[in-house]
$ cat entry.cif   # mmCIF, C-alpha atoms
data_work
loop_
_atom_site.label_atom_id
_atom_site.label_comp_id
_atom_site.auth_asym_id
_atom_site.auth_seq_id
_atom_site.Cartn_x
_atom_site.Cartn_y
_atom_site.Cartn_z
CA MET Q 27 101.33 123.92 97.25
CA LYS Q 28 99.99 124.36 93.71
CA THR Q 29 96.23 124.66 93.27
CA ILE Q 30 94.46 123.82 90.00
CA ILE Q 31 90.75 124.63 89.56
CA ARG Q 32 89.11 122.91 86.61
CA SER Q 33 86.21 120.60 85.87
CA ARG Q 34 86.26 117.23 87.59
CA GLU Q 35 87.09 115.54 84.29
CA ASP Q 36 89.97 117.91 83.55
CA CYS Q 37 91.34 117.54 87.08
CA CYS Q 38 91.42 113.76 86.67
CA ARG Q 39 93.08 114.06 83.28
CA GLU Q 40 95.72 116.39 84.72
CA ALA Q 41 96.38 114.03 87.64
CA ALA Q 42 96.67 111.10 85.23
CA GLN Q 43 99.17 112.99 83.11
CA GLN Q 44 101.30 113.72 86.20
CA ILE Q 45 101.31 110.00 86.97
CA CYS Q 46 102.22 109.26 83.33
CA ARG Q 47 105.14 111.67 83.46
CA LEU Q 48 106.42 110.10 86.66
CA LEU Q 49 106.19 106.55 85.31
CA GLU Q 50 107.87 107.55 82.04
CA LYS Q 51 110.77 108.93 84.05
CA LYS Q 52 110.74 106.17 86.68
CA PRO Q 53 108.79 103.07 85.56
CA ASP Q 54 109.16 101.40 88.97
CA ALA Q 55 107.91 104.41 90.93
CA VAL Q 56 106.26 103.76 94.30
CA LEU Q 57 102.66 104.99 94.44
CA ALA Q 58 100.46 105.41 97.51
CA LEU Q 59 96.89 105.20 96.23
CA ALA Q 60 93.69 106.17 98.03
CA ALA Q 61 90.41 104.37 97.37
CA GLY Q 62 86.95 105.87 97.06
CA ARG Q 63 84.58 107.78 94.81
CA THR Q 64 86.76 110.88 94.49
CA VAL Q 65 89.66 109.04 92.88
CA ALA Q 66 87.56 106.57 90.86
CA PRO Q 67 87.45 108.77 87.71
CA LEU Q 68 91.23 109.22 87.91
CA TYR Q 69 91.71 105.45 87.91
CA GLU Q 70 89.25 105.21 85.03
CA GLU Q 71 91.49 107.58 83.08
CA LEU Q 72 94.61 105.56 83.94
CA ALA Q 73 92.87 102.42 82.68
CA ARG Q 74 91.93 104.21 79.47
CA LEU Q 75 95.52 105.33 78.92
CA CYS Q 76 96.75 101.78 79.47
CA ASP Q 77 94.19 100.46 76.98
CA ALA Q 78 95.39 103.03 74.47
CA GLY Q 79 99.03 102.05 74.94
CA GLU Q 80 99.88 105.49 76.32
CA LEU Q 81 100.77 104.27 79.82
CA SER Q 82 102.36 101.21 81.38
CA MET Q 83 102.12 100.48 85.10
CA LYS Q 84 103.83 97.10 84.81
CA GLN Q 85 106.79 97.99 87.01
CA ALA Q 86 105.03 100.40 89.37
CA ARG Q 87 104.84 99.51 93.05
CA VAL Q 88 101.52 100.33 94.73
CA PHE Q 89 100.66 100.72 98.41
CA ALA Q 90 97.03 101.24 99.43
CA VAL Q 91 96.61 104.27 101.70
CA THR Q 92 93.72 102.83 103.73
CA GLU Q 93 91.67 99.78 104.56
CA PHE Q 94 88.51 99.27 106.59
CA GLU Q 95 88.50 96.86 109.50
CA GLY Q 96 86.13 93.90 109.42
CA VAL Q 97 84.21 94.55 106.21
CA PRO Q 98 83.15 92.10 103.48
CA GLU Q 99 85.68 91.83 100.68
CA GLU Q 100 83.45 93.64 98.20
CA GLN Q 101 83.38 96.74 100.46
CA SER Q 102 87.12 96.84 101.07
CA CYS Q 103 89.58 99.40 99.75
CA ARG Q 104 91.56 96.50 98.33
CA HIS Q 105 88.59 95.37 96.25
CA MET Q 106 88.08 98.87 94.88
CA LEU Q 107 91.73 99.19 93.83
CA GLU Q 108 91.77 95.70 92.36
CA GLN Q 109 88.64 96.36 90.30
CA ALA Q 110 89.72 99.85 89.22
CA LEU Q 111 93.37 99.16 88.43
CA LEU Q 112 94.62 95.61 88.81
CA SER Q 113 91.92 94.16 86.60
CA ARG Q 114 92.13 96.95 83.99
CA THR Q 115 95.83 97.84 83.69
CA ASP Q 116 99.12 95.97 83.47
CA LEU Q 117 99.88 96.46 87.16
CA ALA Q 118 101.61 93.35 88.50
CA PRO Q 119 99.78 91.77 91.48
CA GLU Q 120 103.08 91.01 93.19
CA ASN Q 121 103.88 94.74 93.20
CA CYS Q 122 100.68 95.69 95.05
CA HIS Q 123 100.55 96.00 98.83
CA PHE Q 124 97.36 96.26 100.86
CA LEU Q 125 96.70 97.18 104.48
CA SER Q 126 95.33 94.72 107.01
CA ALA Q 127 95.88 93.76 110.63
CA GLU Q 128 98.53 91.35 109.36
CA THR Q 129 100.46 93.80 107.15
CA ALA Q 130 100.13 97.05 109.10
CA GLU Q 131 103.02 96.34 111.46
CA ARG Q 132 105.52 95.93 108.62
CA TYR Q 133 103.95 98.43 106.18
CA GLU Q 134 106.41 101.23 106.94
CA ASP Q 135 109.35 98.84 106.54
CA ASP Q 136 107.94 97.60 103.25
CA ILE Q 137 107.66 101.18 101.96
CA GLN Q 138 111.21 102.00 102.98
CA ALA Q 139 112.49 98.77 101.45
CA VAL Q 140 111.50 100.01 97.99
CA GLY Q 141 112.92 103.50 98.51
CA GLY Q 142 109.98 105.42 99.96
CA LEU Q 143 106.90 106.88 98.29
CA ASP Q 144 107.42 108.72 95.03
CA LEU Q 145 103.80 109.86 94.76
CA ALA Q 146 100.74 109.83 97.01
CA VAL Q 147 97.25 110.20 95.52
CA LEU Q 148 94.78 111.39 98.14
CA GLY Q 149 91.18 112.45 98.56
CA LEU Q 150 89.97 114.91 101.17
CA GLY Q 151 87.51 114.12 103.93
CA ASP Q 152 84.59 116.38 104.84
CA ASN Q 153 86.34 117.02 108.18
CA ALA Q 154 89.70 117.58 106.42
CA HIS Q 155 91.06 114.11 107.08
CA VAL Q 156 93.61 112.62 104.68
CA GLY Q 157 93.84 108.87 104.46
CA TYR Q 158 91.84 108.14 107.58
CA ASN Q 159 93.94 110.43 109.75
CA GLU Q 160 91.12 112.06 111.67
CA PRO Q 161 91.32 115.41 113.51
CA ALA Q 162 93.75 115.24 116.45
CA THR Q 163 95.99 112.70 114.71
CA PRO Q 164 99.57 113.82 115.46
CA TYR Q 165 101.90 114.92 112.69
CA ASP Q 166 104.45 112.20 113.43
CA SER Q 167 101.91 109.39 113.04
CA ARG Q 168 102.83 106.35 110.98
CA THR Q 169 100.64 103.52 109.67
CA HIS Q 170 98.11 102.79 112.39
CA ARG Q 171 94.61 101.65 113.31
CA GLN Q 172 92.27 104.64 113.46
CA LYS Q 173 88.85 105.06 115.05
CA LEU Q 174 86.57 106.77 112.56
CA THR Q 175 84.70 109.87 113.64
CA ASP Q 176 80.93 110.22 113.35
CA SER Q 177 81.52 112.77 110.60
CA THR Q 178 83.51 110.31 108.53
CA ARG Q 179 81.01 107.53 109.10
CA ARG Q 180 78.21 109.81 107.87
CA GLN Q 181 80.31 110.63 104.81
CA LEU Q 182 80.64 106.90 104.08
CA ALA Q 183 77.00 106.04 104.81
CA ASP Q 184 75.91 105.69 101.18
CA GLN Q 185 78.80 103.36 100.46
CA PHE Q 186 77.81 101.00 103.27
CA GLY Q 187 74.02 101.35 103.20
CA GLY Q 188 73.74 103.52 106.31
CA ALA Q 189 76.05 105.17 108.84
CA GLU Q 190 75.34 102.43 111.37
CA ARG Q 191 76.91 99.91 108.97
CA VAL Q 192 80.13 101.83 108.47
CA PRO Q 193 83.01 100.13 110.32
CA ALA Q 194 84.20 101.79 113.50
CA TYR Q 195 87.90 101.45 112.63
CA ALA Q 196 90.19 101.61 109.63
CA TRP Q 197 93.87 101.13 108.93
CA THR Q 198 95.65 104.11 107.41
CA MET Q 199 99.06 105.40 106.46
CA GLY Q 200 100.00 108.08 108.98
CA ILE Q 201 100.40 111.78 108.32
CA LYS Q 202 104.20 111.59 108.48
CA THR Q 203 104.13 108.67 106.05
CA LEU Q 204 102.09 110.68 103.54
CA VAL Q 205 103.94 114.00 103.79
CA GLU Q 206 107.24 112.22 103.16
CA ALA Q 207 106.06 111.29 99.64
CA ARG Q 208 108.17 113.10 97.04
CA GLN Q 209 105.02 114.27 95.24
CA ILE Q 210 101.44 114.49 96.46
CA LEU Q 211 98.22 114.87 94.47
CA VAL Q 212 95.03 115.83 96.34
CA LEU Q 213 91.67 115.65 94.57
CA ALA Q 214 88.47 117.17 95.96
CA PHE Q 215 85.17 117.71 94.19
CA GLY Q 216 81.74 119.04 95.14
CA GLU Q 217 80.41 121.73 97.46
CA GLU Q 218 80.82 119.53 100.54
CA LYS Q 219 84.58 119.79 100.01
CA ALA Q 220 84.65 123.59 99.94
CA LYS Q 221 85.24 124.03 103.68
CA PRO Q 222 87.89 121.31 104.06
CA ALA Q 223 89.65 122.57 100.90
CA PHE Q 224 89.83 126.05 102.40
CA GLN Q 225 91.12 124.59 105.67
CA MET Q 226 93.73 122.50 103.86
CA LEU Q 227 95.11 125.56 102.10
CA TYR Q 228 94.85 128.17 104.84
CA ALA Q 229 94.43 126.64 108.29
CA ARG Q 230 97.29 126.48 110.72
CA ASP Q 231 99.19 123.24 110.27
CA ASP Q 232 98.10 121.49 113.43
CA SER Q 233 96.50 118.16 114.15
CA PHE Q 234 92.96 119.54 114.33
CA VAL Q 235 93.04 119.99 110.55
CA PRO Q 236 95.02 116.98 109.31
CA ALA Q 237 95.02 118.13 105.67
CA ALA Q 238 96.73 121.39 106.66
CA PHE Q 239 99.91 119.39 107.20
CA LEU Q 240 100.02 119.11 103.41
CA GLN Q 241 101.17 122.75 103.41
CA LEU Q 242 104.58 121.50 104.57
CA PRO Q 243 105.89 119.30 101.71
CA PRO Q 244 107.30 121.18 98.69
CA GLU Q 245 105.63 119.17 95.89
CA VAL Q 246 101.87 119.16 96.48
CA THR Q 247 99.29 119.68 93.74
CA VAL Q 248 95.66 120.25 94.77
CA LEU Q 249 93.04 119.65 92.06
CA LEU Q 250 89.60 121.12 92.73
CA ASP Q 251 86.43 121.65 90.75
CA GLU Q 252 84.68 125.01 91.04
CA ALA Q 253 82.33 123.82 93.79
CA ALA Q 254 85.19 122.60 95.99
CA ALA Q 255 87.07 125.85 95.33
CA ALA Q 256 84.11 128.08 96.26
CA LYS Q 257 85.58 129.30 99.59
CA ILE Q 258 89.12 129.93 98.37
#

$ encode --input "entry.cif" --output "C-alpha coordinates"
Amino acid sequence: MKTIIRSREDCCREAAQQICRLLEKKPDAVLALAAGRTVAPLYEELARLCDAGELSMKQARVFAVTEFEGVPEEQSCRHMLEQALLSRTDLAPENCHFLSAETAERYEDDIQAVGGLDLAVLGLGDNAHVGYNEPATPYDSRTHRQKLTDSTRRQLADQFGGAERVPAYAWTMGIKTLVEARQILVLAFGEEKAKPAFQMLYARDDSFVPAAFLQLPPEVTVLLDEAAAAKI
(Lines of atoms letter the chains of each structure in order from A and count residues from 1; the text may use other names and numbers.)
(Lines give C-alpha, C1' and ligand atoms only; values in the text may rest on other atoms or scores of the structure.)
Protein backbone atom coordinates (compact mmCIF):
# COMPACT_ATOMS: atom_id res chain seq x y z
CA MET A 1 0.00 0.00 0.00
CA LYS A 2 1.52 3.28 -1.17
CA THR A 3 0.49 6.46 0.64
CA ILE A 4 0.72 9.91 -0.96
CA ILE A 5 0.11 13.04 1.14
CA ARG A 6 -0.45 16.21 -0.87
CA SER A 7 -3.05 18.92 -1.29
CA ARG A 8 -6.50 17.81 -2.38
CA GLU A 9 -5.91 19.28 -5.83
CA ASP A 10 -2.57 17.53 -6.25
CA CYS A 11 -4.02 14.22 -5.05
CA CYS A 12 -6.74 14.44 -7.68
CA ARG A 13 -4.23 15.33 -10.37
CA GLU A 14 -2.06 12.36 -9.39
CA ALA A 15 -5.06 10.01 -9.43
CA ALA A 16 -6.08 11.34 -12.84
CA GLN A 17 -2.59 10.75 -14.20
CA GLN A 18 -2.68 7.14 -12.96
CA ILE A 19 -5.95 6.66 -14.82
CA CYS A 20 -4.43 8.29 -17.92
CA ARG A 21 -1.45 5.94 -17.82
CA LEU A 22 -3.73 2.92 -17.51
CA LEU A 23 -5.94 3.99 -20.41
CA GLU A 24 -2.93 4.77 -22.60
CA LYS A 25 -1.68 1.25 -21.99
CA LYS A 26 -5.12 -0.39 -22.12
CA PRO A 27 -7.77 1.84 -23.73
CA ASP A 28 -10.58 -0.60 -22.90
CA ALA A 29 -9.65 -0.91 -19.23
CA VAL A 30 -12.44 -1.79 -16.78
CA LEU A 31 -12.95 0.89 -14.12
CA ALA A 32 -14.96 0.63 -10.91
CA LEU A 33 -15.91 4.19 -10.01
CA ALA A 34 -17.28 5.50 -6.72
CA ALA A 35 -19.65 8.46 -6.59
CA GLY A 36 -19.69 11.32 -4.10
CA ARG A 37 -18.04 14.56 -3.07
CA THR A 38 -14.60 13.07 -2.43
CA VAL A 39 -14.13 11.87 -6.00
CA ALA A 40 -15.91 14.79 -7.70
CA PRO A 41 -12.72 16.87 -8.17
CA LEU A 42 -10.98 13.83 -9.67
CA TYR A 43 -13.74 13.48 -12.25
CA GLU A 44 -13.51 17.22 -12.89
CA GLU A 45 -9.83 16.72 -13.72
CA LEU A 46 -10.60 13.78 -16.02
CA ALA A 47 -13.14 15.94 -17.86
CA ARG A 48 -10.56 18.71 -18.20
CA LEU A 49 -8.01 16.28 -19.64
CA CYS A 50 -10.57 15.01 -22.13
CA ASP A 51 -11.41 18.58 -23.17
CA ALA A 52 -7.71 19.24 -23.68
CA GLY A 53 -7.29 16.14 -25.84
CA GLU A 54 -4.92 14.58 -23.29
CA LEU A 55 -7.21 11.68 -22.40
CA SER A 56 -9.74 9.48 -24.16
CA MET A 57 -12.19 7.29 -22.27
CA LYS A 58 -14.04 6.19 -25.40
CA GLN A 59 -13.23 2.50 -25.01
CA ALA A 60 -13.17 2.32 -21.21
CA ARG A 61 -15.73 0.14 -19.45
CA VAL A 62 -17.18 1.62 -16.27
CA PHE A 63 -18.99 -0.07 -13.38
CA ALA A 64 -20.50 2.07 -10.63
CA VAL A 65 -19.39 0.92 -7.17
CA THR A 66 -22.63 1.86 -5.39
CA GLU A 67 -26.22 2.93 -5.75
CA PHE A 68 -28.84 4.07 -3.26
CA GLU A 69 -32.14 2.25 -3.00
CA GLY A 70 -35.35 4.13 -3.70
CA VAL A 71 -34.05 7.66 -4.26
CA PRO A 72 -35.06 10.23 -6.89
CA GLU A 73 -32.93 10.07 -10.01
CA GLU A 74 -31.19 13.36 -9.26
CA GLN A 75 -29.89 11.96 -5.94
CA SER A 76 -28.63 8.68 -7.39
CA CYS A 77 -25.02 7.61 -7.83
CA ARG A 78 -25.84 7.02 -11.48
CA HIS A 79 -26.88 10.63 -11.94
CA MET A 80 -23.68 11.88 -10.33
CA LEU A 81 -21.50 9.74 -12.60
CA GLU A 82 -23.50 10.66 -15.67
CA GLN A 83 -23.22 14.38 -14.92
CA ALA A 84 -19.54 14.22 -13.94
CA LEU A 85 -18.27 11.92 -16.68
CA LEU A 86 -20.75 10.73 -19.29
CA SER A 87 -21.87 14.24 -20.16
CA ARG A 88 -18.35 15.71 -20.10
CA THR A 89 -16.05 13.05 -21.59
CA ASP A 90 -16.12 10.67 -24.54
CA LEU A 91 -17.22 7.73 -22.39
CA ALA A 92 -19.62 5.56 -24.39
CA PRO A 93 -23.01 5.08 -22.66
CA GLU A 94 -23.14 1.45 -23.77
CA ASN A 95 -19.91 0.81 -21.85
CA CYS A 96 -21.31 2.08 -18.54
CA HIS A 97 -22.94 -0.22 -16.01
CA PHE A 98 -24.97 0.93 -13.02
CA LEU A 99 -26.25 -0.87 -9.95
CA SER A 100 -29.93 -1.42 -9.26
CA ALA A 101 -32.22 -4.14 -7.96
CA GLU A 102 -32.44 -5.36 -11.56
CA THR A 103 -28.71 -5.45 -12.33
CA ALA A 104 -27.23 -6.46 -8.97
CA GLU A 105 -27.79 -10.19 -9.46
CA ARG A 106 -25.76 -10.29 -12.67
CA TYR A 107 -23.24 -7.55 -11.79
CA GLU A 108 -20.45 -9.95 -10.84
CA ASP A 109 -20.97 -11.94 -14.03
CA ASP A 110 -20.91 -8.75 -16.08
CA ILE A 111 -17.60 -7.74 -14.48
CA GLN A 112 -16.05 -11.12 -15.15
CA ALA A 113 -17.35 -11.11 -18.72
CA VAL A 114 -15.09 -8.15 -19.53
CA GLY A 115 -12.05 -9.59 -17.76
CA GLY A 116 -12.40 -8.27 -14.22
CA LEU A 117 -11.66 -4.85 -12.76
CA ASP A 118 -8.44 -3.17 -13.84
CA LEU A 119 -8.84 -0.22 -11.48
CA ALA A 120 -11.15 0.70 -8.60
CA VAL A 121 -11.51 4.34 -7.51
CA LEU A 122 -12.81 4.56 -3.95
CA GLY A 123 -13.60 7.06 -1.24
CA LEU A 124 -13.41 6.30 2.47
CA GLY A 125 -16.32 6.44 4.88
CA ASP A 126 -16.14 8.09 8.29
CA ASN A 127 -16.55 4.61 9.82
CA ALA A 128 -13.95 3.14 7.41
CA HIS A 129 -16.45 1.70 4.97
CA VAL A 130 -15.46 1.28 1.33
CA GLY A 131 -18.20 1.26 -1.25
CA TYR A 132 -21.06 0.82 1.17
CA ASN A 133 -19.49 -2.20 2.84
CA GLU A 134 -20.25 -1.26 6.43
CA PRO A 135 -18.43 -2.60 9.52
CA ALA A 136 -19.02 -6.36 9.96
CA THR A 137 -19.29 -6.95 6.20
CA PRO A 138 -17.38 -10.20 5.55
CA TYR A 139 -14.26 -10.23 3.40
CA ASP A 140 -15.75 -12.65 0.87
CA SER A 141 -18.76 -10.42 0.17
CA ARG A 142 -19.79 -9.80 -3.43
CA THR A 143 -22.23 -7.26 -4.87
CA HIS A 144 -25.11 -7.05 -2.41
CA ARG A 145 -27.82 -4.93 -0.81
CA GLN A 146 -26.47 -3.24 2.31
CA LYS A 147 -28.25 -1.63 5.25
CA LEU A 148 -26.60 1.71 5.96
CA THR A 149 -25.43 2.45 9.48
CA ASP A 150 -26.50 5.53 11.42
CA SER A 151 -22.94 6.81 11.06
CA THR A 152 -23.09 6.61 7.28
CA ARG A 153 -26.52 8.20 7.16
CA ARG A 154 -25.25 11.12 9.24
CA GLN A 155 -22.30 11.45 6.85
CA LEU A 156 -24.74 11.69 3.93
CA ALA A 157 -27.20 14.03 5.67
CA ASP A 158 -26.15 17.19 3.82
CA GLN A 159 -26.49 15.43 0.48
CA PHE A 160 -30.09 14.42 1.21
CA GLY A 161 -31.27 17.38 3.28
CA GLY A 162 -31.18 15.60 6.64
CA ALA A 163 -30.19 12.20 8.03
CA GLU A 164 -33.84 11.14 8.20
CA ARG A 165 -34.04 11.48 4.40
CA VAL A 166 -31.03 9.31 3.67
CA PRO A 167 -32.13 5.93 2.28
CA ALA A 168 -31.89 2.97 4.62
CA TYR A 169 -30.28 0.68 2.03
CA ALA A 170 -27.81 0.83 -0.82
CA TRP A 171 -26.41 -1.56 -3.39
CA THR A 172 -22.64 -1.98 -3.35
CA MET A 173 -19.83 -4.01 -4.83
CA GLY A 174 -18.58 -6.35 -2.13
CA ILE A 175 -15.21 -6.26 -0.43
CA LYS A 176 -13.95 -9.30 -2.36
CA THR A 177 -15.09 -7.67 -5.60
CA LEU A 178 -13.10 -4.51 -4.83
CA VAL A 179 -9.90 -6.11 -3.54
CA GLU A 180 -9.69 -8.25 -6.69
CA ALA A 181 -9.19 -5.09 -8.79
CA ARG A 182 -5.70 -5.06 -10.29
CA GLN A 183 -5.14 -1.50 -9.06
CA ILE A 184 -6.96 0.48 -6.38
CA LEU A 185 -6.97 4.22 -5.73
CA VAL A 186 -8.37 5.48 -2.41
CA LEU A 187 -8.98 9.20 -1.89
CA ALA A 188 -9.71 10.77 1.50
CA PHE A 189 -9.73 14.44 2.43
CA GLY A 190 -10.49 16.46 5.55
CA GLU A 191 -10.02 16.00 9.29
CA GLU A 192 -13.07 13.73 9.56
CA LYS A 193 -11.14 11.17 7.51
CA ALA A 194 -8.10 11.13 9.80
CA LYS A 195 -9.33 8.29 12.02
CA PRO A 196 -10.60 6.02 9.22
CA ALA A 197 -7.40 6.68 7.23
CA PHE A 198 -5.33 5.55 10.20
CA GLN A 199 -7.54 2.48 10.61
CA MET A 200 -7.28 1.64 6.92
CA LEU A 201 -3.49 1.68 7.07
CA TYR A 202 -2.87 0.12 10.46
CA ALA A 203 -5.90 -1.75 11.80
CA ARG A 204 -6.07 -5.50 11.72
CA ASP A 205 -7.65 -6.66 8.48
CA ASP A 206 -10.97 -7.82 9.84
CA SER A 207 -14.55 -7.03 9.00
CA PHE A 208 -14.95 -4.42 11.75
CA VAL A 209 -12.73 -2.07 9.72
CA PRO A 210 -13.72 -2.79 6.11
CA ALA A 211 -11.07 -0.48 4.63
CA ALA A 212 -8.32 -2.44 6.40
CA PHE A 213 -8.90 -5.23 3.88
CA LEU A 214 -7.25 -2.89 1.37
CA GLN A 215 -3.95 -3.80 3.06
CA LEU A 216 -4.14 -7.16 1.26
CA PRO A 217 -3.98 -6.33 -2.49
CA PRO A 218 -0.50 -5.50 -3.84
CA GLU A 219 -1.37 -2.42 -5.93
CA VAL A 220 -3.14 0.10 -3.69
CA THR A 221 -2.43 3.84 -3.71
CA VAL A 222 -3.90 5.97 -0.92
CA LEU A 223 -4.09 9.72 -1.60
CA LEU A 224 -4.62 11.93 1.45
CA ASP A 225 -4.50 15.63 2.18
CA GLU A 226 -2.68 16.77 5.32
CA ALA A 227 -5.86 16.84 7.41
CA ALA A 228 -6.76 13.25 6.54
CA ALA A 229 -3.16 12.19 7.22
CA ALA A 230 -3.02 13.86 10.65
CA LYS A 231 -3.09 10.60 12.67
CA ILE A 232 -0.62 8.65 10.55

$ residues_around --input "entry.cif" --residues "stretch 29-45 of chain Q" --least-positions-apart "4" --cutoff "10 Å" --atoms "only C-alpha atoms" --output "count of residues only"
38

$ residues_around --input "entry.cif" --residues "Q:Ala154" --least-positions-apart "5" --cutoff "7 Å" --atoms "all atoms listed in the file" --output "list of chain:residue names"
Q:Pro222, Q:Met226, Q:Val235, Q:Pro236, Q:Ala237

$ closest_atom_pairs --input "entry.cif" --of "stretch 153-249 of chain Q" --to "stretch 125-133 of chain Q" --cutoff "10 Å" --atoms "all atoms listed in the file" --output "CSV"
residue,atom,partner,partner_atom,distance
Q:Arg168,CA,Q:Tyr133,CA,9.3
Q:Thr169,CA,Q:Ala130,CA,6.5
Q:His170,CA,Q:Ala130,CA,6.9
Q:Arg171,CA,Q:Ala130,CA,8.3
Q:Ala196,CA,Q:Ser126,CA,9.0
Q:Trp197,CA,Q:Leu125,CA,6.6
Q:Thr198,CA,Q:Leu125,CA,7.6
Q:Met199,CA,Q:Tyr133,CA,8.5

$ closest_residue --input "entry.cif" --among "Q:Cys46, Q:Ile258, Q:Leu112, Q:Leu240" --to "Q:Met27" --atoms "only C-alpha atoms"
Q:Leu240

$ residues_around --input "entry.cif" --residues "Q:Ala207" --least-positions-apart "6" --cutoff "7 Å" --atoms "only C-alpha atoms" --output "list in words"
Leu143, Asp144, Leu145 and Ala146 of chain Q

$ decode --input "entry.cif" --residues "stretch 183-197 of chain Q" --atoms "N, CA, C and O atoms" --output "PDB file, in the first residue's frame"
ATOM      1  N   ALA Q 183     -26.044  13.182   5.354  1.00  0.00           N
ATOM      2  CA  ALA Q 183     -27.197  14.028   5.672  1.00  0.00           C
ATOM      3  C   ALA Q 183     -27.267  15.281   4.806  1.00  0.00           C
ATOM      4  O   ALA Q 183     -28.344  15.645   4.306  1.00  0.00           O
ATOM      5  N   ASP Q 184     -26.143  15.960   4.614  1.00  0.00           N
ATOM      6  CA  ASP Q 184     -26.154  17.190   3.817  1.00  0.00           C
ATOM      7  C   ASP Q 184     -26.585  16.926   2.383  1.00  0.00           C
ATOM      8  O   ASP Q 184     -27.287  17.732   1.767  1.00  0.00           O
ATOM      9  N   GLN Q 185     -26.172  15.785   1.866  1.00  0.00           N
ATOM     10  CA  GLN Q 185     -26.492  15.432   0.485  1.00  0.00           C
ATOM     11  C   GLN Q 185     -27.994  15.222   0.274  1.00  0.00           C
ATOM     12  O   GLN Q 185     -28.533  15.500  -0.791  1.00  0.00           O
ATOM     13  N   PHE Q 186     -28.668  14.752   1.325  1.00  0.00           N
ATOM     14  CA  PHE Q 186     -30.087  14.420   1.206  1.00  0.00           C
ATOM     15  C   PHE Q 186     -31.005  15.384   1.950  1.00  0.00           C
ATOM     16  O   PHE Q 186     -32.212  15.183   1.987  1.00  0.00           O
ATOM     17  N   GLY Q 187     -30.434  16.424   2.571  1.00  0.00           N
ATOM     18  CA  GLY Q 187     -31.267  17.383   3.283  1.00  0.00           C
ATOM     19  C   GLY Q 187     -31.708  16.893   4.643  1.00  0.00           C
ATOM     20  O   GLY Q 187     -32.810  17.225   5.102  1.00  0.00           O
ATOM     21  N   GLY Q 188     -30.858  16.122   5.305  1.00  0.00           N
ATOM     22  CA  GLY Q 188     -31.177  15.603   6.642  1.00  0.00           C
ATOM     23  C   GLY Q 188     -30.976  14.109   6.719  1.00  0.00           C
ATOM     24  O   GLY Q 188     -31.277  13.386   5.760  1.00  0.00           O
ATOM     25  N   ALA Q 189     -30.473  13.632   7.875  1.00  0.00           N
ATOM     26  CA  ALA Q 189     -30.193  12.201   8.027  1.00  0.00           C
ATOM     27  C   ALA Q 189     -31.446  11.357   7.875  1.00  0.00           C
ATOM     28  O   ALA Q 189     -31.393  10.217   7.391  1.00  0.00           O
ATOM     29  N   GLU Q 190     -32.601  11.919   8.270  1.00  0.00           N
ATOM     30  CA  GLU Q 190     -33.842  11.142   8.197  1.00  0.00           C
ATOM     31  C   GLU Q 190     -34.267  10.902   6.749  1.00  0.00           C
ATOM     32  O   GLU Q 190     -35.097  10.018   6.475  1.00  0.00           O
ATOM     33  N   ARG Q 191     -33.699  11.642   5.815  1.00  0.00           N
ATOM     34  CA  ARG Q 191     -34.041  11.482   4.403  1.00  0.00           C
ATOM     35  C   ARG Q 191     -33.056  10.578   3.647  1.00  0.00           C
ATOM     36  O   ARG Q 191     -33.278  10.290   2.468  1.00  0.00           O
ATOM     37  N   VAL Q 192     -32.007  10.198   4.304  1.00  0.00           N
ATOM     38  CA  VAL Q 192     -31.033   9.308   3.673  1.00  0.00           C
ATOM     39  C   VAL Q 192     -31.649   7.913   3.566  1.00  0.00           C
ATOM     40  O   VAL Q 192     -32.255   7.427   4.523  1.00  0.00           O
ATOM     41  N   PRO Q 193     -31.535   7.266   2.416  1.00  0.00           N
ATOM     42  CA  PRO Q 193     -32.130   5.927   2.282  1.00  0.00           C
ATOM     43  C   PRO Q 193     -31.538   4.946   3.279  1.00  0.00           C
ATOM     44  O   PRO Q 193     -30.385   5.082   3.699  1.00  0.00           O
ATOM     45  N   ALA Q 194     -32.330   3.967   3.645  1.00  0.00           N
ATOM     46  CA  ALA Q 194     -31.885   2.974   4.624  1.00  0.00           C
ATOM     47  C   ALA Q 194     -30.957   1.939   4.013  1.00  0.00           C
ATOM     48  O   ALA Q 194     -30.147   1.320   4.719  1.00  0.00           O
ATOM     49  N   TYR Q 195     -31.060   1.736   2.691  1.00  0.00           N
ATOM     50  CA  TYR Q 195     -30.282   0.675   2.029  1.00  0.00           C
ATOM     51  C   TYR Q 195     -29.589   1.215   0.784  1.00  0.00           C
ATOM     52  O   TYR Q 195     -30.026   2.201   0.170  1.00  0.00           O
ATOM     53  N   ALA Q 196     -28.511   0.539   0.426  1.00  0.00           N
ATOM     54  CA  ALA Q 196     -27.813   0.833  -0.824  1.00  0.00           C
ATOM     55  C   ALA Q 196     -27.331  -0.485  -1.422  1.00  0.00           C
ATOM     56  O   ALA Q 196     -27.200  -1.496  -0.720  1.00  0.00           O
ATOM     57  N   TRP Q 197     -27.073  -0.450  -2.715  1.00  0.00           N
ATOM     58  CA  TRP Q 197     -26.407  -1.560  -3.395  1.00  0.00           C
ATOM     59  C   TRP Q 197     -24.924  -1.232  -3.486  1.00  0.00           C
ATOM     60  O   TRP Q 197     -24.544  -0.071  -3.686  1.00  0.00           O
TER      61      TRP Q 197
END
